[in-house]
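Here is work26.cif, consisting of mmCIF, C-alpha atoms:
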```cif
data_final
loop_
_atom_site.label_atom_id
_atom_site.label_comp_id
_atom_site.auth_asym_id
_atom_site.auth_seq_id
_atom_site.Cartn_x
_atom_site.Cartn_y
_atom_site.Cartn_z
CA MET T 1 129.58 -68.19 -175.35
CA SER T 2 128.22 -70.47 -178.09
CA VAL T 3 125.20 -69.54 -180.17
CA LEU T 4 123.21 -72.45 -178.73
CA LEU T 5 123.89 -71.56 -175.09
CA PHE T 6 123.21 -67.86 -175.68
CA THR T 7 119.89 -68.61 -177.42
CA ALA T 8 118.82 -71.12 -174.77
CA LEU T 9 119.62 -68.78 -171.84
CA LEU T 10 117.89 -65.86 -173.53
CA PHE T 11 114.86 -67.97 -174.42
CA GLY T 12 114.49 -69.30 -170.87
CA THR T 13 114.85 -65.86 -169.29
CA SER T 14 112.34 -64.40 -171.73
CA ILE T 15 109.75 -67.09 -170.97
CA LEU T 16 110.07 -66.21 -167.28
CA ALA T 17 109.78 -62.48 -168.04
CA GLY T 18 106.71 -63.00 -170.24
CA LEU T 19 105.10 -65.28 -167.66
CA LEU T 20 105.66 -62.89 -164.75
CA GLY T 21 104.62 -59.94 -166.89
CA ALA T 22 101.33 -61.58 -167.82
CA LEU T 23 100.56 -62.85 -164.32
CA THR T 24 101.21 -59.49 -162.68
CA GLY T 25 99.81 -57.38 -165.49
CA LEU T 26 102.99 -55.32 -165.66
CA GLY T 27 104.15 -56.61 -169.04
CA GLY T 28 107.27 -58.64 -169.81
CA GLY T 29 109.08 -56.02 -171.86
CA VAL T 30 109.96 -53.89 -168.89
CA VAL T 31 112.40 -56.46 -167.44
CA ILE T 32 113.92 -57.61 -170.73
CA VAL T 33 116.12 -54.53 -171.21
CA PRO T 34 117.66 -54.52 -167.70
CA VAL T 35 118.18 -58.30 -167.79
CA LEU T 36 119.86 -58.17 -171.22
CA THR T 37 122.12 -55.26 -170.29
CA LEU T 38 122.93 -56.12 -166.66
CA LEU T 39 123.11 -59.93 -166.91
CA PHE T 40 124.05 -60.62 -170.52
CA HIS T 41 126.09 -57.41 -171.00
CA VAL T 42 124.33 -56.73 -174.29
CA ASP T 43 124.53 -53.11 -175.53
CA ILE T 44 121.38 -51.23 -174.51
CA ARG T 45 120.41 -50.45 -178.12
CA TYR T 46 120.26 -54.15 -179.08
CA ALA T 47 118.31 -54.78 -175.86
CA ILE T 48 115.81 -52.02 -176.65
CA GLY T 49 115.33 -53.39 -180.19
CA ALA T 50 114.62 -56.92 -178.96
CA SER T 51 112.33 -55.68 -176.20
CA LEU T 52 110.25 -53.53 -178.54
CA VAL T 53 109.64 -56.49 -180.83
CA SER T 54 108.50 -58.65 -177.91
CA VAL T 55 106.16 -55.85 -176.78
CA ILE T 56 104.38 -55.89 -180.17
CA ALA T 57 104.03 -59.66 -179.95
CA THR T 58 102.49 -59.75 -176.47
CA SER T 59 100.19 -56.80 -177.07
CA SER T 60 98.75 -58.29 -180.25
CA GLY T 61 98.61 -61.79 -178.76
CA ALA T 62 96.74 -60.62 -175.65
CA ALA T 63 94.20 -58.52 -177.57
CA VAL T 64 91.91 -61.51 -178.12
CA ALA T 65 91.52 -62.19 -174.40
CA TYR T 66 90.85 -58.52 -173.67
CA VAL T 67 88.41 -57.94 -176.50
CA ARG T 68 86.36 -60.93 -175.42
CA GLU T 69 85.62 -59.02 -172.22
CA GLY T 70 84.30 -56.19 -174.39
CA LEU T 71 85.91 -53.44 -172.35
CA SER T 72 88.37 -51.70 -174.64
CA ASN T 73 87.19 -48.52 -176.30
CA ILE T 74 88.39 -48.51 -179.90
CA ARG T 75 87.61 -44.80 -180.46
CA ILE T 76 89.41 -43.55 -177.36
CA GLY T 77 92.29 -45.87 -178.26
CA MET T 78 92.55 -44.63 -181.83
CA PHE T 79 92.32 -40.96 -180.81
CA LEU T 80 95.10 -41.34 -178.24
CA GLU T 81 97.24 -43.33 -180.68
CA VAL T 82 97.75 -40.08 -182.59
CA ALA T 83 99.61 -38.84 -179.48
CA THR T 84 101.48 -42.09 -178.71
CA THR T 85 102.68 -42.71 -182.28
CA LEU T 86 103.94 -39.13 -182.66
CA GLY T 87 105.66 -39.49 -179.27
CA ALA T 88 107.14 -42.83 -180.37
CA LEU T 89 108.69 -41.18 -183.45
CA LEU T 90 110.27 -38.54 -181.19
CA GLY T 91 111.48 -41.21 -178.76
CA ALA T 92 113.03 -43.31 -181.53
CA TYR T 93 114.90 -40.23 -182.80
CA LEU T 94 116.08 -39.41 -179.27
CA THR T 95 117.64 -42.88 -178.75
CA ALA T 96 120.22 -42.00 -181.40
CA ARG T 97 120.93 -38.57 -179.87
CA ILE T 98 121.07 -39.41 -176.16
CA SER T 99 124.02 -41.35 -174.70
CA SER T 100 123.32 -44.85 -173.44
CA HIS T 101 124.16 -43.70 -169.87
CA TRP T 102 121.17 -41.38 -169.88
CA ILE T 103 118.92 -43.97 -171.51
CA ALA T 104 119.81 -46.34 -168.66
CA ILE T 105 119.04 -43.68 -166.05
CA VAL T 106 115.67 -42.77 -167.60
CA PHE T 107 114.94 -46.49 -167.83
CA GLY T 108 115.66 -46.93 -164.14
CA VAL T 109 113.32 -44.08 -163.20
CA VAL T 110 110.52 -45.58 -165.34
CA LEU T 111 111.08 -48.98 -163.66
CA LEU T 112 110.74 -47.38 -160.22
CA TYR T 113 107.59 -45.56 -161.31
CA SER T 114 106.05 -48.74 -162.75
CA ALA T 115 106.77 -50.60 -159.51
CA LEU T 116 105.30 -47.85 -157.34
CA ALA T 117 102.23 -47.55 -159.57
CA SER T 118 101.60 -51.27 -159.14
CA PHE T 119 101.81 -50.99 -155.34
CA ARG T 120 99.40 -48.08 -155.16
CA LYS T 121 96.08 -49.14 -153.72
CA ARG T 122 93.22 -48.47 -156.01
CA LYS T 123 90.81 -46.24 -154.23
CA HIS T 124 87.16 -45.93 -155.07
CA GLU T 125 86.84 -45.30 -158.77
CA ASP T 126 86.28 -41.74 -159.81
CA ILE T 127 84.51 -42.13 -163.14
CA SER T 128 83.62 -39.06 -165.12
CA THR T 129 80.04 -39.13 -166.40
CA THR T 130 79.31 -35.46 -167.09
CA PRO T 131 79.90 -34.83 -170.80
CA ASN T 132 82.22 -31.98 -171.75
CA ALA T 133 82.29 -30.25 -175.13
CA LEU T 134 85.61 -31.70 -176.36
CA ALA T 135 84.89 -35.28 -175.34
CA THR T 136 81.44 -35.13 -176.91
CA ARG T 137 82.79 -33.71 -180.13
CA LEU T 138 85.49 -36.39 -180.31
CA GLU T 139 83.02 -39.13 -179.29
CA LEU T 140 85.25 -40.12 -176.36
CA ASN T 141 82.57 -41.93 -174.40
CA GLY T 142 81.11 -45.37 -174.00
CA CYS T 143 79.65 -47.81 -171.56
CA TYR T 144 80.88 -51.08 -170.14
CA PRO T 145 79.27 -54.03 -168.47
CA ASP T 146 79.85 -53.81 -164.72
CA ALA T 147 78.21 -56.59 -162.69
CA GLY T 148 75.33 -56.77 -165.13
CA CYS T 149 74.47 -53.09 -165.31
CA GLU T 150 75.83 -50.84 -167.98
CA VAL T 151 78.07 -48.08 -166.68
CA GLU T 152 78.27 -45.02 -168.89
CA TYR T 153 81.45 -42.98 -168.94
CA THR T 154 82.91 -40.03 -170.78
CA ALA T 155 86.51 -38.77 -170.97
CA ALA T 156 87.46 -35.81 -168.76
CA ARG T 157 90.49 -33.51 -169.23
CA VAL T 158 91.12 -34.63 -172.82
CA PRO T 159 94.11 -32.30 -173.54
CA LEU T 160 95.91 -33.46 -170.36
CA GLY T 161 95.32 -37.10 -171.22
CA PHE T 162 96.53 -36.51 -174.78
CA GLY T 163 99.67 -34.79 -173.45
CA ILE T 164 100.52 -37.62 -171.03
CA MET T 165 99.96 -40.09 -173.89
CA PHE T 166 102.49 -38.21 -175.99
CA GLY T 167 104.94 -38.66 -173.10
CA ALA T 168 104.08 -42.36 -172.86
CA GLY T 169 104.76 -42.73 -176.59
CA THR T 170 108.10 -40.94 -176.27
CA LEU T 171 109.18 -43.27 -173.44
CA SER T 172 108.05 -46.27 -175.48
CA GLY T 173 110.12 -45.17 -178.47
CA LEU T 174 113.10 -44.19 -176.34
CA LEU T 175 113.23 -47.31 -174.16
CA GLY T 176 111.60 -50.02 -176.30
CA ILE T 177 108.89 -50.73 -173.74
CA GLY T 178 105.09 -50.71 -173.84
CA SER T 179 104.94 -48.04 -171.08
CA GLY T 180 101.56 -49.45 -170.06
CA ALA T 181 101.85 -47.87 -166.59
CA VAL T 182 102.01 -44.35 -168.03
CA LYS T 183 99.21 -45.06 -170.51
CA VAL T 184 96.97 -46.25 -167.68
CA LEU T 185 97.91 -43.12 -165.71
CA ALA T 186 96.70 -40.94 -168.58
CA MET T 187 93.37 -42.71 -168.97
CA ASP T 188 92.64 -43.74 -165.39
CA GLN T 189 93.91 -40.68 -163.47
CA ALA T 190 93.80 -37.82 -165.97
CA MET T 191 90.80 -38.70 -168.12
CA LYS T 192 88.92 -40.45 -165.31
CA LEU T 193 87.99 -43.47 -167.38
CA PRO T 194 87.00 -46.71 -165.63
CA PHE T 195 90.08 -48.71 -164.60
CA LYS T 196 89.14 -51.80 -166.62
CA VAL T 197 88.59 -49.71 -169.74
CA SER T 198 91.96 -48.01 -169.19
CA THR T 199 93.97 -51.22 -168.86
CA THR T 200 92.40 -53.03 -171.80
CA THR T 201 92.50 -50.01 -174.11
CA SER T 202 96.11 -49.44 -173.06
CA ASN T 203 97.04 -52.97 -174.13
CA PHE T 204 95.35 -52.40 -177.45
CA MET T 205 97.39 -49.24 -178.02
CA ILE T 206 100.78 -50.69 -177.05
CA GLY T 207 101.24 -52.64 -180.30
CA VAL T 208 100.48 -49.67 -182.54
CA THR T 209 102.72 -47.36 -180.48
CA ALA T 210 105.60 -49.84 -180.66
CA ALA T 211 105.12 -50.32 -184.41
CA ALA T 212 105.67 -46.58 -184.85
CA SER T 213 109.23 -46.77 -183.53
CA ALA T 214 109.97 -50.28 -184.85
CA GLY T 215 110.54 -49.10 -188.45
CA ILE T 216 113.11 -46.58 -187.26
CA TYR T 217 114.80 -49.14 -184.99
CA LEU T 218 115.02 -51.57 -187.90
CA SER T 219 116.64 -49.04 -190.23
CA ARG T 220 119.15 -48.07 -187.52
CA GLY T 221 120.19 -51.68 -186.98
CA TYR T 222 118.92 -52.01 -183.37
CA ILE T 223 117.03 -55.20 -184.17
CA ASP T 224 119.51 -58.08 -184.29
CA PRO T 225 117.98 -61.42 -185.29
CA MET T 226 120.22 -63.45 -182.98
CA ILE T 227 118.93 -61.52 -179.92
CA ALA T 228 115.40 -60.66 -181.04
CA MET T 229 114.54 -64.25 -182.07
CA PRO T 230 114.82 -65.95 -178.64
CA VAL T 231 113.46 -62.89 -176.82
CA MET T 232 110.35 -62.51 -178.99
CA LEU T 233 109.55 -66.24 -178.99
CA GLY T 234 110.27 -66.55 -175.26
CA VAL T 235 108.25 -63.55 -174.07
CA LEU T 236 105.34 -64.58 -176.30
CA THR T 237 105.43 -68.17 -175.00
CA GLY T 238 105.56 -66.95 -171.40
CA ALA T 239 102.72 -64.50 -171.94
CA VAL T 240 100.52 -67.14 -173.58
CA ILE T 241 101.15 -69.57 -170.69
CA GLY T 242 100.50 -66.76 -168.20
CA THR T 243 97.14 -65.78 -169.67
CA GLN T 244 96.12 -69.45 -169.91
CA VAL T 245 96.97 -70.14 -166.28
CA LEU T 246 95.15 -67.17 -164.86
CA VAL T 247 92.77 -65.17 -166.96
CA LYS T 248 91.38 -62.88 -164.29
CA THR T 249 93.08 -63.35 -160.93
CA ARG T 250 96.24 -61.39 -160.32
CA PRO T 251 98.13 -63.12 -157.52
CA HIS T 252 98.99 -60.53 -154.91
CA THR T 253 102.21 -62.05 -153.53
CA LEU T 254 103.63 -62.55 -157.00
CA LYS T 255 102.82 -58.96 -157.84
CA MET T 256 104.62 -57.75 -154.71
CA PHE T 257 107.63 -59.91 -155.55
CA PHE T 258 107.74 -58.66 -159.14
CA GLY T 259 107.38 -55.09 -157.91
CA PHE T 260 110.46 -55.50 -155.69
CA VAL T 261 112.38 -57.04 -158.59
CA LEU T 262 111.51 -53.95 -160.65
CA ILE T 263 112.71 -51.65 -157.86
CA LEU T 264 116.03 -53.51 -157.62
CA LEU T 265 116.50 -53.45 -161.38
CA GLY T 266 115.53 -49.77 -161.43
CA PHE T 267 118.21 -48.78 -158.90
CA GLU T 268 120.76 -51.00 -160.65
CA MET T 269 119.99 -49.36 -164.02
CA ILE T 270 120.33 -45.86 -162.55
CA TYR T 271 123.59 -46.80 -160.82
CA SER T 272 125.00 -48.48 -163.95
CA GLY T 273 124.08 -45.52 -166.12
CA TRP T 274 125.46 -43.04 -163.60
CA SER T 275 128.76 -44.87 -163.14
CA GLY T 276 129.13 -45.28 -166.91
CA ARG T 277 128.97 -49.08 -166.94
CA ILE T 278 126.08 -48.98 -169.43
CA MET R 1 75.33 -45.86 -186.28
CA SER R 2 75.07 -48.57 -188.92
CA HIS R 3 76.99 -51.85 -189.28
CA PRO R 4 79.46 -53.05 -188.22
CA SER R 5 79.11 -52.22 -184.52
CA ASP R 6 82.11 -51.28 -182.39
CA LYS R 7 82.08 -54.69 -180.73
CA GLU R 8 82.05 -56.60 -184.00
CA LEU R 9 84.88 -54.41 -185.24
CA ASP R 10 86.80 -55.14 -182.01
CA ALA R 11 86.35 -58.91 -182.31
CA SER R 12 87.42 -59.18 -185.95
CA VAL R 13 90.41 -56.93 -185.26
CA ALA R 14 91.51 -59.17 -182.38
CA ARG R 15 91.24 -62.30 -184.53
CA MET R 16 93.35 -60.65 -187.21
CA LEU R 17 96.01 -59.70 -184.66
CA LEU R 18 96.19 -63.29 -183.42
CA VAL R 19 96.62 -64.67 -186.94
CA GLY R 20 99.31 -62.08 -187.69
CA VAL R 21 101.27 -62.83 -184.53
CA SER R 22 101.03 -66.60 -185.09
CA ILE R 23 102.35 -66.40 -188.65
CA ALA R 24 105.13 -64.03 -187.58
CA ALA R 25 106.15 -66.32 -184.70
CA LEU R 26 106.25 -69.35 -187.04
CA VAL R 27 108.52 -67.56 -189.51
CA VAL R 28 110.82 -66.34 -186.70
CA PHE R 29 110.89 -69.88 -185.31
CA ALA R 30 111.80 -71.34 -188.72
CA GLY R 31 114.60 -68.77 -189.04
CA GLY R 32 115.73 -69.64 -185.51
CA ILE R 33 115.98 -73.35 -186.35
CA LEU R 34 118.15 -72.52 -189.36
CA LEU R 35 120.25 -70.14 -187.22
CA LEU R 36 121.00 -72.97 -184.81
CA ARG R 37 122.29 -75.33 -187.49
CA GLN R 38 125.79 -74.33 -186.38
CA PRO R 39 125.12 -74.33 -182.64
CA LEU R 40 128.68 -74.21 -181.38
CA ILE R 41 130.08 -71.15 -183.15
CA PRO R 42 130.66 -68.30 -180.68
CA ILE R 43 128.24 -65.36 -180.58
CA PRO R 44 129.38 -62.03 -182.02
CA ASP R 45 130.42 -59.25 -179.64
CA TYR R 46 127.19 -57.65 -178.45
CA THR R 47 128.74 -55.63 -175.62
CA HIS R 48 129.29 -52.74 -178.02
CA PHE R 49 126.84 -51.47 -180.58
CA HIS R 50 127.83 -51.97 -184.22
CA ALA R 51 124.36 -51.93 -185.85
CA VAL R 52 123.34 -55.05 -187.73
CA ASP R 53 124.41 -55.73 -191.30
CA PRO R 54 122.90 -53.20 -193.77
CA SER R 55 121.16 -56.01 -195.70
CA LEU R 56 119.23 -56.83 -192.51
CA ARG R 57 118.15 -53.24 -191.94
CA SER R 58 116.06 -52.55 -195.04
CA ILE R 59 112.84 -54.26 -196.04
CA LYS R 60 114.15 -54.78 -199.56
CA GLY R 61 117.40 -56.35 -198.38
CA ILE R 62 115.59 -58.59 -195.90
CA LEU R 63 113.10 -59.82 -198.51
CA THR R 64 115.86 -60.58 -201.02
CA SER R 65 117.91 -62.62 -198.53
CA ALA R 66 114.88 -64.24 -196.89
CA PHE R 67 113.81 -65.79 -200.19
CA ARG R 68 117.28 -67.37 -200.37
CA LEU R 69 116.50 -68.84 -196.92
CA ASN R 70 119.25 -66.87 -195.21
CA PRO R 71 118.52 -67.67 -191.52
CA ARG R 72 119.10 -64.17 -190.16
CA ALA R 73 117.03 -62.58 -192.93
CA LEU R 74 114.25 -65.08 -192.31
CA VAL R 75 114.06 -64.03 -188.65
CA GLN R 76 113.99 -60.37 -189.71
CA PHE R 77 111.23 -61.16 -192.21
CA GLY R 78 109.15 -62.70 -189.41
CA LEU R 79 109.75 -59.58 -187.33
CA ILE R 80 108.58 -57.38 -190.24
CA LEU R 81 105.39 -59.45 -190.38
CA LEU R 82 105.04 -58.83 -186.65
CA ILE R 83 105.48 -55.06 -187.07
CA ALA R 84 102.97 -55.14 -189.92
CA THR R 85 100.29 -56.71 -187.69
CA PRO R 86 99.31 -53.58 -185.70
CA ILE R 87 99.58 -51.56 -188.93
CA ALA R 88 97.08 -53.92 -190.55
CA ARG R 89 94.87 -53.37 -187.51
CA VAL R 90 94.85 -49.62 -188.16
CA ILE R 91 94.06 -50.15 -191.87
CA TYR R 92 91.21 -52.41 -190.77
CA CYS R 93 89.88 -49.67 -188.50
CA VAL R 94 90.04 -47.08 -191.30
CA PHE R 95 87.68 -49.25 -193.35
CA GLY R 96 85.57 -50.18 -190.34
CA PHE R 97 84.96 -46.55 -189.44
CA ALA R 98 84.33 -45.68 -193.09
CA ARG R 99 81.63 -48.35 -193.20
CA GLN R 100 80.13 -46.85 -190.05
CA HIS R 101 80.09 -43.53 -191.95
CA ASN R 102 82.10 -42.05 -189.11
CA LYS R 103 84.08 -39.38 -190.96
CA LEU R 104 85.86 -38.09 -187.87
CA TYR R 105 87.31 -41.48 -186.94
CA THR R 106 88.02 -42.48 -190.52
CA GLY R 107 90.20 -39.37 -190.58
CA ILE R 108 91.83 -40.03 -187.19
CA SER R 109 92.71 -43.63 -188.08
CA THR R 110 94.08 -42.48 -191.44
CA LEU R 111 96.31 -40.02 -189.61
CA VAL R 112 97.64 -42.80 -187.32
CA LEU R 113 98.22 -44.96 -190.41
CA LEU R 114 100.23 -42.19 -192.10
CA ILE R 115 102.44 -41.80 -189.02
CA LEU R 116 103.09 -45.57 -188.98
CA LEU R 117 103.85 -45.67 -192.71
CA TYR R 118 106.24 -42.75 -192.31
CA SER R 119 108.18 -44.73 -189.69
CA LEU R 120 108.20 -47.86 -191.83
CA SER R 121 109.34 -45.91 -194.90
CA LYS R 122 112.51 -45.11 -192.92
CA GLY R 123 113.33 -48.81 -193.15
CA ALA R 124 112.12 -49.23 -196.71
CA HIS R 125 115.20 -48.19 -198.66
#
```
What's the structure tokens form of this structure?
Amino acid sequence: MSVLLFTALLFGTSILAGLLGALTGLGGGVVIVPVLTLLFHVDIRYAIGASLVSVIATSSGAAVAYVREGLSNIRIGMFLEVATTLGALLGAYLTARISSHWIAIVFGVVLLYSALASFRKRKHEDISTTPNALATRLELNGCYPDAGCEVEYTAARVPLGFGIMFGAGTLSGLLGIGSGAVKVLAMDQAMKLPFKVSTTTSNFMIGVTAAASAGIYLSRGYIDPMIAMPVMLGVLTGAVIGTQVLVKTRPHTLKMFFGFVLILLGFEMIYSGWSGRI
Amino acid sequence: MSHPSDKELDASVARMLLVGVSIAALVVFAGGILLLRQPLIPIPDYTHFHAVDPSLRSIKGILTSAFRLNPRALVQFGLILLIATPIARVIYCVFGFARQHNKLYTGISTLVLLILLYSLSKGAH
């Protein structure tokens, strides 16, 4: 394949991934690795390197839109980034130790989880408002504008949330993804923070988490300019178009479709890793 | 709590991130244009991992080659700018919290910064 064709195909695919990721709120990075490995037969380590770079780009690029809504909590984000960045260091070290078969299998499981998490119906929000000693001491509280009235919230089960965040960071460093679904799980389910605060704070944290493993990826030679260039520019372009088209509405059918794509890719990754093709 | 407020801190941080990403994307794009000057040469074998050239793996090597307008190094340089963007965000927060006289969060953001710099130092030599 010529350089021009390779770049063009990769760029086009990445635009689509970034666009779908932004429209569905699932992030574009999560499909880049399976597409690069399964379709383009690129070694999973190059794929992970390119994906991680695109994750930093979309997270930082989307921050403006999120911050304008005034929902992210910079203190909760910073506190949990201690856990995600440490996890990301561990994950980046593990990628060199674990065989690519196992990385593919873990990747497949995370894809399935992300898809299932997106299908799950959001029940009535269970927001924690009673202050606990640890959350108060760490100033893990805030309020957000909800239909005009200010809703106050405080973080529950801080150690559990911190622990899940460490896991999210490890997955991010191991697989080169934002692992937004696991981050939201930690904040929304474990710490009982409002859903909107969880998603926007999660996006804010993704860039910093990814930066923690990026230095290690770079020194190991996972980031190849020929692959990372079209992927980063494509995913970013797609994400920008996606957020321009629809700022708030998340089209339901598209989300279902994308969820099924993730499930298919998840099974394919597990099968490929298991049978030794990756 | 004194100035700046959390929301002002948030907004200026977001603007900084956008500027960082835009500059990084422009540099990567410029490198990409140069990369495609020979569009018909075949791509290297990516089906097996070889790790990229050592000069493209260290910050020093990338900077040296990027100034000579080596296309691959220029792309890598753009990617380093991209990686630096969230790090700059954390530095910004360290100062923001310090100006709020919030010792706890000045310390927490410094800790995050140290972890990030540790990772980057792996690619520094």
### Task
Give me, please, the distance in Å between CA of Leu18 in chain R and CA of Gly61 in chain T, quoted to one decimal.
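CA of Leu18 in chain R sits 5.5 Å away from CA of Gly61 in chain T.
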Reference answer for the PyMOL selection byres ((chain T) within 6 of (chain R)), as a list in words |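 Applied to this file, the PyMOL selection byres ((chain T) within 6 of (chain R)) returns Met1, Ser2, Val3, Leu4, His41, Val42, Asp43, Ser60, Gly61, Ala63, Val64, Val82, Gly207, Val208, Ala211, Ala212, Gly215, Ile216, Leu218, Ser219, Gly221, Tyr222, Asp224 and Pro225 of chain T.
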Notebook entry, point to check: Quick one: distance from CA of Gln189 in chain T to CA of Ala117 in chain T in Å, one decimal?
Noted result: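 A separation of 11.5 Å between them.
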Given the file shown, determine the residues that the PyMOL selection byres ((chain T and resi 106) around 9) selects; report them as a VMD selection string.
chain T and resid 101 to 105 107 to 111 171 175 269 to 270 273
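With all atoms listed in the file as the basis for measurement, R:Leu81 is the residue among R:Leu114, R:Leu81, R:Ile91, R:Ala98 that approaches Ile56 in chain T most closely.
Once the PyMOL selection byres ((chain T and resi 260-262) around 8) is applied to the depicted file, the selected set reads T:Val31, T:Leu111, T:Leu112, T:Ser114, T:Ala115, T:Met256, T:Phe257, T:Phe258, T:Gly259, T:Ile263, T:Leu264, T:Leu265, T:Gly266.
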Kindly export the residues of the current selection with C-alpha atoms, as a tab-separated table (two decimals), in the coordinates of the input.
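The resulting file, again-v2.tsv, is shown below:
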```
chain	number	residue	atom	x	y	z
T	31	VAL	CA	112.40	-56.46	-167.44
T	111	LEU	CA	111.08	-48.98	-163.66
T	112	LEU	CA	110.74	-47.38	-160.22
T	114	SER	CA	106.05	-48.74	-162.75
T	115	ALA	CA	106.77	-50.60	-159.51
T	256	MET	CA	104.62	-57.75	-154.71
T	257	PHE	CA	107.63	-59.91	-155.55
T	258	PHE	CA	107.74	-58.66	-159.14
T	259	GLY	CA	107.38	-55.09	-157.91
T	263	ILE	CA	112.71	-51.65	-157.86
T	264	LEU	CA	116.03	-53.51	-157.62
T	265	LEU	CA	116.50	-53.45	-161.38
T	266	GLY	CA	115.53	-49.77	-161.43
```
Please, what distance in Å, to one decimal, runs between CA of Gly49 in chain T and CA of Ile223 in chain T?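 Going from CA of Gly49 in chain T over to CA of Ile223 in chain T, I get 4.7 Å.
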List every protein, DNA or RNA residue with an atom no more than 9 Å from (93.6, -50.9, -172.0) in the file's coordinates, counting all atoms listed in the file, and format the result as a PyMOL selection string.
-> chain T and resi 66+71-73+77+180+183-184+187+195-206
Of T:Pro159, T:Gly276, T:Gly167, T:Pro230, the one sitting nearest Ser179 in chain T when using all atoms listed in the file is T:Gly167
**Q.** For Ile44 in chain T, the nearest of the candidates T:Ser272, T:Thr13, T:Thr24, T:Thr136, counting only C-alpha atoms
**A.**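 The closest residue to Ile44 in chain T is T:Ser272.
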Could you pull the residues within 9 Å of Ala88 in chain T, counting all atoms listed in the file, minus those fewer than 3 positions along the same chain, as a PyMOL selection string? chain T and resi 83-85+91-93+166-174+209-213
In terms of all atoms listed in the file, the residue from T:Gly27, T:Gly163, T:Gly234, T:Gly242 at minimal distance from Leu80 in chain T is T:Gly163
